[in-house]
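Structure record follows, encoded as structure tokens.
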Amino acid sequence: MVLLLLMLAAALVGAYPITFGEFIAAFGQRLTGGTSQDKIHTVLFDIRLPRVFAAVVVGAAVAAAGAAYQTLFRNPLVSPDILGVSTGAGLGAVLGIFLSLPVAAIQLSAFVVGLATVGLVYAIAALVHGREPVLVLVLAGVVVGALAGAAISLLKILADPYDQLPAIVFWLLGSLSAIRRGEVLAAVPLVLIGLFPLVVLRWRINVLSLGDEEAKALGVETGRLRLVVIAAATLITASVVAISGVIGWVGLVIPHIARMAVGPSFDRLLPTATLLGASYLLIVDTLARTMARIEVPIGILTAIIGAPFFLWLLARGREGWS
Amino acid sequence: MRVRLAAHGLGFGYGAIPVGRNIDINLRAGEVFCLLGPNGSGKTTLFKTLLGLLPAQAGEVVVDGTPLATLSRQDIARRIAYVPQAHTAHFPFRVIDMVVMGRTAHLGLFASPTSMDRQRAREALALLGIAQLAEREYTRISGGQRQLALVARALVQDAPAIVMDEPTANLDFGNQVIVLSEVKRLAARGLAVLLSTHDPDHAFSIASRVALLDQGRLVDQGVPETVLTSDKLKSVYGIDVVVGRLANGQTVCAPTYRC
């Protein structure tokens with residue numbers, strides 16, 4: 001409910017303000033089948049609403065993936081890119097920009113390389129027969145992420161400094177400014193496909209947060225469940241990172257706040273984090289495009305808000321987790 | 001009495017590294033079976049192998065007449081409940097949420113616990129005398145209370161056998177007695193309980209049978225009075241022990257302190 005009101009408010013404010021009356025009128029026109037070419041129509045349906053929905057989808061997606069990963073890895077300091085999905089997607093996008101591919105191909109490249117990176121991490125971890133499967137996963141994620149980061153740096157050096165480099169930097173900071181309706185519509189089903197297993201398996205995922213051995217002793221097939229959660233969270237993250245770039249901190253901080261509000265049980269944590277993430281990113285994105293004459297990249301804004309907040313959490317003592 | 005859990009010529013360890021071998025034990029319904037052994041003798045590793053958390057290196061584990069290796073995790077959890085050493089959870093679950101997780105093996109893959117499952121969890125907490133802790137955070141109760149909560153979780157699992165890894169470790173004197181009395185009551189209700197402990201007195205007070213594990217091998221097993229003699233305790237632990245009988249008929253063991 002609050003989210004819907006926020007969406008309405010976000011749709012009205014901006015460089016070209018729209019009144020509530022104009023908003024209703026534009027919708028009425030649209031519903032009755034009339035297509036007008038006026039400015040309000042263009043701003044509302046082609047620019048602002050896609051962006052509002054993008055903020056909601058991206059925020060919900062990374063927060064849900066973050067909640068799933070923090071529960072899976074039993075660590076509140078884990079963010080959705082712990083296994084390298086963001087770095088991998090970044091590498092895919094940078095590669096696309098470097099090769100001067102069209103926008104859609106860049107996004108596809110980000111999505112595919114993001115998925116492939118996590119697949120590689122998982123395969124490496126499966127080959128190493130350790131006693132601590134979770135620890136091996138995280139370490140493999142760190143190593144592969146570092147490699148992908150090195151590849152990104154190499155491409156940055158090789159890129160054309162006047163044309164490609166700014167595009168690369170802007171992409172890596174994350175932004176919703178250039179998002180179009182088609183992109184949002186492409187990401188939504190993928191996010192929903194990823195959310196589905198998290199929702200229906202929420203109780204088992206909850207039990208998994210006790211650790212591998214205890215969850216097994218309680219009757220959970222932990223290896224299989226972990227694979228499903230990783231695949232689902234990776235699909236969610238990769239689909240939104242591909243359209244928005246790397247927007248940091250949301251997937252780390254939002255599940256924290258949700259846990260403070262409703263406790264650590266995943267069946268309550270998941271819906272709360274999803275809604276909070278959607279609202280949060282919508283607010284931040286609306287700020288990003290309205291508070292200054294030039295638009296602030298949203299990744300910078302989420303970091304500026306997220307980092308001090310996280311420090312405050314640390315200073316409060318570990319109340320949020322134990 | 002029916003054999004709930006048995007090991008035949010069991011060899012166990014981590015990966016290729018052997019920890020113990022040639023283990024033959026039977027756990028029967030209605031009994032408390034106590035496993036004693038020095039640090040590093042392989043008690044926890046043996047338990048994990050009995051629960052199927054580690055693969056057997058040799059021999060086999062049989063649960064209710066079925067080889068463990070052929071059972072799914074859910075099937076195993078319905079037959080054996082596990083009480084790990086009291087730990088601190090990573091997330092501040094409420095005690096009731098922790099206990100209700102014991103119902104997982106009885107839920108469908110996509111199901112969450114119902115109000116009936118929560119009711120069961122509350123009853124288990126009440127049975128152990130800690131009903132008032134239900135809404136408290138598991139991370140903020142004492143070690144003894146956590147241990148009792150974990151026992152409650154094992155109870156709602158509705159398994160005919162319970163394996164407890166040092167349920168009295170880290171407990172104060174009073175809480176040790178509370179937990180062990182509860183164990184005794186569970187066995188009286190027909191459950192089969194296998195537990196490890198460091199204190200021979202615990203075996204004397206509640207165990208119907210006891211096994212002595214040293215360097216991965218069973219030195220002896222049988223009723224406490226024949227297994228826990230001063231000779232055998234000396235050979236396993238390397239200290240002098242006097243085993244005696246109190247006026248009330250209770251057997252206790254007193255080590256000799258040298259200076």
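Following the order of the structure tokens, first chain is A, next is B, and so on, with residues numbered from 1 inside each chain and ligands from 1 in the order they appear.
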Contacts of Leu150 of chain B at 9 Å or less, counting only C-alpha atoms, minus same-chain residues fewer than 4 places along, as JSON, numbers by chain?
{"B": [82, 83, 84, 85, 86, 98, 99, 102, 145, 146, 154, 155]}
Would you output that residue set with N, CA and C atoms, as a PDB file, in the first residue's frame?
```pdb
ATOM      1  N   TYR B  82      18.575 -35.627  16.374  1.00  0.00           N
ATOM      2  CA  TYR B  82      19.943 -35.327  16.762  1.00  0.00           C
ATOM      3  C   TYR B  82      19.933 -34.082  17.641  1.00  0.00           C
ATOM      4  N   VAL B  83      20.574 -34.171  18.779  1.00  0.00           N
ATOM      5  CA  VAL B  83      20.739 -33.001  19.635  1.00  0.00           C
ATOM      6  C   VAL B  83      22.218 -32.638  19.616  1.00  0.00           C
ATOM      7  N   PRO B  84      22.580 -31.601  18.858  1.00  0.00           N
ATOM      8  CA  PRO B  84      23.996 -31.218  18.817  1.00  0.00           C
ATOM      9  C   PRO B  84      24.388 -30.537  20.120  1.00  0.00           C
ATOM     10  N   GLN B  85      25.680 -30.327  20.298  1.00  0.00           N
ATOM     11  CA  GLN B  85      26.117 -29.579  21.476  1.00  0.00           C
ATOM     12  C   GLN B  85      25.518 -28.191  21.400  1.00  0.00           C
ATOM     13  N   ALA B  86      25.081 -27.663  22.550  1.00  0.00           N
ATOM     14  CA  ALA B  86      24.439 -26.352  22.559  1.00  0.00           C
ATOM     15  C   ALA B  86      25.377 -25.343  21.919  1.00  0.00           C
ATOM     16  N   MET B  98      12.869 -21.926  16.771  1.00  0.00           N
ATOM     17  CA  MET B  98      13.932 -22.927  16.761  1.00  0.00           C
ATOM     18  C   MET B  98      13.335 -24.324  16.978  1.00  0.00           C
ATOM     19  N   VAL B  99      12.448 -24.433  17.946  1.00  0.00           N
ATOM     20  CA  VAL B  99      11.890 -25.740  18.306  1.00  0.00           C
ATOM     21  C   VAL B  99      11.004 -26.277  17.176  1.00  0.00           C
ATOM     22  N   GLY B 102      12.028 -28.610  14.350  1.00  0.00           N
ATOM     23  CA  GLY B 102      12.060 -30.057  14.509  1.00  0.00           C
ATOM     24  C   GLY B 102      10.954 -30.761  13.720  1.00  0.00           C
ATOM     25  N   GLN B 145      19.583 -23.520  29.076  1.00  0.00           N
ATOM     26  CA  GLN B 145      18.261 -23.346  28.464  1.00  0.00           C
ATOM     27  C   GLN B 145      18.309 -23.677  26.977  1.00  0.00           C
ATOM     28  N   ARG B 146      19.428 -23.302  26.326  1.00  0.00           N
ATOM     29  CA  ARG B 146      19.578 -23.645  24.908  1.00  0.00           C
ATOM     30  C   ARG B 146      19.590 -25.145  24.715  1.00  0.00           C
ATOM     31  N   ALA B 154      14.250 -31.873  19.361  1.00  0.00           N
ATOM     32  CA  ALA B 154      14.366 -33.295  19.032  1.00  0.00           C
ATOM     33  C   ALA B 154      13.064 -34.032  19.363  1.00  0.00           C
ATOM     34  N   LEU B 155      12.392 -33.592  20.442  1.00  0.00           N
ATOM     35  CA  LEU B 155      11.147 -34.264  20.829  1.00  0.00           C
ATOM     36  C   LEU B 155      10.053 -34.096  19.780  1.00  0.00           C
TER      37      LEU B 155
END
```
Dump as a VMD selection string the residues of chain A that approach chain B to within 12 Å, counting only C-alpha atoms.
chain A and resid 70 to 77 129 to 132 196 to 225 256 259 to 260 262 to 269 318 to 322
Write down as a VMD selection string the residues belonging to segment 31-257 of chain A that are assigned helix (DSSP H, G or I) by DSSP computed on the backbone.
chain A and resid 31 39 to 72 85 to 98 103 to 127 133 to 158 164 to 173 181 to 200 202 to 208 212 to 217 222 to 244 250 to 257
So that I can see what lies close to Gly9 of chain B, please list as a VMD selection string the residues with an atom at most 10 Å from it, counting only C-alpha atoms and leaving out residues fewer than 2 positions away in the same chain.
chain B and resid 6 to 7 11 to 12 21 to 25 57 to 61
Which residues come within 7 Å of segment 234-241 of chain B, counting only C-alpha atoms, excluding same-chain residues fewer than 4 positions away, as an NGL selection string?
:B and (38 or 214 or 230 or 253-256)
Do a neighbour search on Arg2 of chain B at 12 Å with only C-alpha atoms, toss out local chain neighbours closer than 2 positions, and write the hits as a count of residues only.
17
Contacts of segment 44-50 of chain A within 7 Å, only C-alpha atoms, excl. fewer than 5 positions in-chain, as a list of chain:residue names
A:Ala11, A:Arg180, A:Arg181, A:Val184
Okay, now the selection with N, CA and C atoms, as a PDB file, in the first residue's frame?
```
ATOM      1  N   ALA A  11       5.904   9.045  -9.673  1.00  0.00           N
ATOM      2  CA  ALA A  11       5.505   9.247 -11.063  1.00  0.00           C
ATOM      3  C   ALA A  11       5.208  10.717 -11.334  1.00  0.00           C
ATOM      4  N   ARG A 180      14.368   1.542 -20.365  1.00  0.00           N
ATOM      5  CA  ARG A 180      13.176   1.629 -21.216  1.00  0.00           C
ATOM      6  C   ARG A 180      12.171   0.556 -20.830  1.00  0.00           C
ATOM      7  N   ARG A 181      10.949   0.772 -21.322  1.00  0.00           N
ATOM      8  CA  ARG A 181       9.855  -0.107 -20.936  1.00  0.00           C
ATOM      9  C   ARG A 181      10.161  -1.577 -21.254  1.00  0.00           C
ATOM     10  N   VAL A 184      12.434  -3.310 -18.736  1.00  0.00           N
ATOM     11  CA  VAL A 184      11.771  -3.660 -17.483  1.00  0.00           C
ATOM     12  C   VAL A 184      10.891  -4.889 -17.692  1.00  0.00           C
TER      13      VAL A 184
END
```
Have a look at A:Leu173, A:Leu5, A:Glu22, A:Ala150 and name the one nearest to Val43 of chain A; count only C-alpha atoms.
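Between A:Leu173, A:Leu5, A:Glu22, A:Ala150, the residue approaching Val43 of chain A most closely is A:Glu22.
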For Thr290 of chain A: contacts at 10 Å, only C-alpha atoms, fewer than 2 positions along chain excluded, given as a list in words
Ala10, Val13, Gly14, Ala15, Tyr16, Val284, Asp285, Thr286, Leu287, Ala288, Ala292, Arg293, Ile294, Glu295 and Val296 of chain A
